[in-house]
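**Student:** This structure is in structure tokens; I'll ask about it shortly.
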Amino acid sequence: MNTETADVDELGAGSASWNHLAKWRFLLVMHRTLVLQTAHPAVGAAVGAFSVYQARPWRRLFHTLDSLQLYVYGTQAERRREIARLERLHRRMRGTDDRGRPYTAADPAARTWVHLTLFEAVLHLHRLGGDPLPRAEAERLYAEWCRLGTRFGLSEDDVPATVDDFTAYFDRTVATVLEDNPAVRDLLSGSIHRVPPPPGLPIPALLWAPVRRALTTAAVETTIATLPPELRRTLGLTPLPGSALATTSLHHTVRLITDLLPKPWRYLPHASAAIRATLGGPRSHAPMDPTLLFTTVLDQTGEGEIRWNDLLAMARELSIHLDVDEAAENELHDAFEAWWTELREAAGGAEVVTFPRYQAAVAEGRYPGDAAGVDRVVTAICALIDRNDNGEVPEAEYVALFADSPKRHEIIGDLRTLDRNGDGVLHTTELATALRDFLTGSRDFPAARELLSRI
């Protein structure tokens, strides 16, 4: 494993990990991966003693997926915090299993197995879907995953050096280490058949029971059909006739459908937002024709002219996104009115600003002029986002701020493009510059477009 080829904090857009982890398709192999992980003696004992998956399976699943997305698609700061949280959690997991053997979740062998089964899950997912990873891509993903493993305390001696070495390690572990245990049996025949309806889904118990039976039986049978044969023998499992073909058909179908979707739609929410941010990044600082601001933002009705009502509509839209109180709403409206006065006077003082008048004002330098009205809007928006007025907004704060916005994923993803150093903090000065450039028509800023424009 060569840890010098790239630093783990550079893992991001364009990396194999970003391309292949946290797709919605990954849910198809999630249960199989959990069975493989739990069949390790130390992992099975820790899960049986400390996990709450039996009582709250959905919460456990969502937390697992959120954690995966944070340390793969999150900012450097998010990744460090999440890995530190997992480290603290695992240090407390220790004891003696039902055979009298001591175990700890900090055991390097167990940690290596859990970490590398996620790499194997990606390979297996693509094999089943009929789009196996090319050798070079698999090697790239493995190198990245090993580098990420160093952040979990794994050393070069803990992990196989190459993909070929990993294959031998995986087969050897399945044959000589994995074993039957109560946690595995519960995943295959116990807790999965007690799963309640997903949170927020109001399904009556009588209706959910047959739906749950069908879904969980399918999950168990597809898992059994795709487990390594050696592990099936260890567990005494026999796949149903035709289950392997049905599983392959399911994976092919899901792959073909998801491949038709735009790239961000193929991924789980946090990963999707991160990918959207990278797709929007080049546009956020791209030069813009000032007249484009008129046609796509200022002219809210598309009639070729703007009135005070158009800018008032933008102020109202911002109030919805930011959920402001009356005082803040009044300040926002006053700021937009100042901008409107500035715009109207630059275009000749008429109550209606037509496109030709706007073009002339821009061409002759009357607009944006000193942009005092624009600056007042920028100040008002920044005050609503940086609510403690300290010049910095941690990502957790602006994520929470826009949590109920109808365009939350797009806005949050676009705001991340301003985090140039990857520290997870939005600096108000950078936000103000981006907003001012956009509102004066000099540079594009997708987040402002989402907050203000009609399209």
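Chain lettering (A, B, ...) mirrors the order of the structure tokens, residue numbering begins at 1 for each chain separately, and ligand numbering begins at 1 in order of display.
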According to DSSP computed on the backbone, where in range 259-350 of chain A is there strand (DSSP E or B)? Give the residues as a PDB file with C-alpha atoms, in the first residue's frame.
**Tutor:**
ATOM      1  CA  TYR A 267     -26.533   8.803  -4.732  1.00  0.00           C
ATOM      2  CA  PRO A 287     -17.968  35.350 -15.524  1.00  0.00           C
ATOM      3  CA  GLU A 305     -39.649  44.161 -17.825  1.00  0.00           C
ATOM      4  CA  ILE A 306     -39.205  44.503 -14.084  1.00  0.00           C
TER       5      ILE A 306
END
**Student:** Go through range 33-109 of chain A and collect every residue that DSSP, computed from the backbone, puts in helix (DSSP H, G or I); the answer should be as an MDAnalysis selection string.
**Tutor:** chainID A and resid 33:38 41:50 57:73 76:91 108:109
**Student:** Just checking: using only C-alpha atoms, which residue out of A:Leu178, A:Val393, A:Leu70, A:Val122 ends up closest to Pro228 in chain A?
**Tutor:** A:Leu178
**Student:** Excluding Gln300 in chain A and its own-chain neighbours fewer than 2 positions away, which residues fall within 12 Å of it when counting only C-alpha atoms? Please give them as number ranges by chain.
**Tutor:** A: 293-298, 302-315, 317, 449, 452-455
**Student:** Suppose you want the space between CA of Thr104 in chain A and CA of Tyr169 in chain A; what is it in Å?
**Tutor:**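 So the answer is 21.2 Å.
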**Student:** Between A:Arg111, A:Arg80, A:Arg420, A:Arg185, which has the minimum distance to Val159 in chain A (counting only C-alpha atoms)?
**Tutor:** A:Arg111
**Student:** Can you work out which one of A:Thr162, A:Thr217, A:Thr248, A:Thr433 has the shortest atom-to-atom distance to Glu144 in chain A, counting only C-alpha atoms?
**Tutor:**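 Closest residue, counting only C-alpha atoms: A:Thr162.
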**Student:** Smallest atom-to-atom distance to Arg79 in chain A: which of A:Ala434, A:Ala110, A:Leu148, A:Leu21, using only C-alpha atoms?
**Tutor:** A:Leu148
**Student:** CA of Ala346 in chain A and CA of Ala361 in chain A, how far apart in Å?
**Tutor:**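 Distance between the two atoms: 6.0 Å.
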**Student:** Quick one: of A:Phe402, A:Trp113, A:Phe62, A:Phe50, who's nearest to Ala183 in chain A, counting only C-alpha atoms?
**Tutor:** A:Phe50
**Student:** Measuring between only C-alpha atoms, which one of A:Asp419, A:Glu221, A:Asp186, A:Glu156 shows the shortest distance to Glu392 in chain A?
**Tutor:** A:Asp419
**Student:** Would you kindly return, as a list in words, each protein, DNA or RNA residue with an atom no farther than 12 Å from any atom of range 197-208 of chain A, considering only C-alpha atoms and excluding same-chain residues fewer than 2 positions away?
**Tutor:**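 Here the answer would be Arg56, Pro57, Trp58, Arg59, Arg60, Leu61, Phe62, Ile192, His193, Arg194, Val195, Pro210, Val211, Arg212, Arg213, Ala214, Leu215 and Thr216 of chain A.
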**Student:** Just to be explicit: take each residue in the selection above, keep N, CA and C atoms, and write the result as an mmCIF file, in the first residue's frame.
**Tutor:**
data_model
loop_
_atom_site.group_PDB
_atom_site.id
_atom_site.type_symbol
_atom_site.label_atom_id
_atom_site.label_comp_id
_atom_site.auth_asym_id
_atom_site.auth_seq_id
_atom_site.Cartn_x
_atom_site.Cartn_y
_atom_site.Cartn_z
ATOM 1 N N ARG A 56 -34.195 -0.705 17.236
ATOM 2 C CA ARG A 56 -34.354 0.449 16.341
ATOM 3 C C ARG A 56 -33.576 0.209 15.043
ATOM 4 N N PRO A 57 -34.035 -0.726 14.227
ATOM 5 C CA PRO A 57 -33.259 -1.066 13.017
ATOM 6 C C PRO A 57 -33.138 0.077 12.027
ATOM 7 N N TRP A 58 -34.197 0.883 11.868
ATOM 8 C CA TRP A 58 -34.119 1.980 10.896
ATOM 9 C C TRP A 58 -33.126 3.036 11.354
ATOM 10 N N ARG A 59 -33.154 3.371 12.650
ATOM 11 C CA ARG A 59 -32.209 4.361 13.152
ATOM 12 C C ARG A 59 -30.778 3.871 12.963
ATOM 13 N N ARG A 60 -30.558 2.584 13.217
ATOM 14 C CA ARG A 60 -29.207 2.035 13.059
ATOM 15 C C ARG A 60 -28.775 2.092 11.602
ATOM 16 N N LEU A 61 -29.688 1.760 10.682
ATOM 17 C CA LEU A 61 -29.361 1.800 9.261
ATOM 18 C C LEU A 61 -29.050 3.222 8.816
ATOM 19 N N PHE A 62 -29.911 4.178 9.215
ATOM 20 C CA PHE A 62 -29.698 5.571 8.793
ATOM 21 C C PHE A 62 -28.392 6.118 9.351
ATOM 22 N N ILE A 192 -34.712 -9.101 11.427
ATOM 23 C CA ILE A 192 -35.153 -8.557 10.141
ATOM 24 C C ILE A 192 -36.642 -8.781 9.922
ATOM 25 N N HIS A 193 -37.175 -9.825 10.525
ATOM 26 C CA HIS A 193 -38.612 -10.089 10.383
ATOM 27 C C HIS A 193 -39.450 -9.367 11.436
ATOM 28 N N ARG A 194 -38.782 -8.554 12.279
ATOM 29 C CA ARG A 194 -39.511 -7.744 13.254
ATOM 30 C C ARG A 194 -39.418 -6.257 12.912
ATOM 31 N N VAL A 195 -38.911 -5.942 11.745
ATOM 32 C CA VAL A 195 -38.689 -4.545 11.366
ATOM 33 C C VAL A 195 -40.012 -3.782 11.331
ATOM 34 N N PRO A 210 -47.676 -8.195 5.811
ATOM 35 C CA PRO A 210 -47.344 -8.944 4.594
ATOM 36 C C PRO A 210 -46.281 -8.258 3.742
ATOM 37 N N VAL A 211 -46.284 -6.908 3.744
ATOM 38 C CA VAL A 211 -45.248 -6.181 2.997
ATOM 39 C C VAL A 211 -43.875 -6.480 3.593
ATOM 40 N N ARG A 212 -43.788 -6.427 4.924
ATOM 41 C CA ARG A 212 -42.521 -6.723 5.602
ATOM 42 C C ARG A 212 -42.078 -8.146 5.312
ATOM 43 N N ARG A 213 -42.994 -9.087 5.351
ATOM 44 C CA ARG A 213 -42.631 -10.482 5.088
ATOM 45 C C ARG A 213 -42.037 -10.634 3.696
ATOM 46 N N ALA A 214 -42.655 -9.993 2.716
ATOM 47 C CA ALA A 214 -42.160 -10.107 1.342
ATOM 48 C C ALA A 214 -40.783 -9.454 1.193
ATOM 49 N N LEU A 215 -40.640 -8.247 1.748
ATOM 50 C CA LEU A 215 -39.383 -7.514 1.595
ATOM 51 C C LEU A 215 -38.237 -8.180 2.346
ATOM 52 N N THR A 216 -38.496 -8.586 3.587
ATOM 53 C CA THR A 216 -37.415 -9.172 4.373
ATOM 54 C C THR A 216 -37.041 -10.557 3.859
#
**Student:** Which value, in Å to one decimal, gives the distance between CA of Leu415 in chain A and CA of Thr341 in chain A?
**Tutor:**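 Atom-to-atom, CA of Leu415 in chain A and CA of Thr341 in chain A are spaced 28.7 Å apart.
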**Student:** Give me, as a ChimeraX atom specification, all polymer residues having an atom no more than 9 Å from Lys407 in chain A, counting only C-alpha atoms and skipping those fewer than 4 positions away in the same chain.
**Tutor:** /A:321,402,411-412,450-451
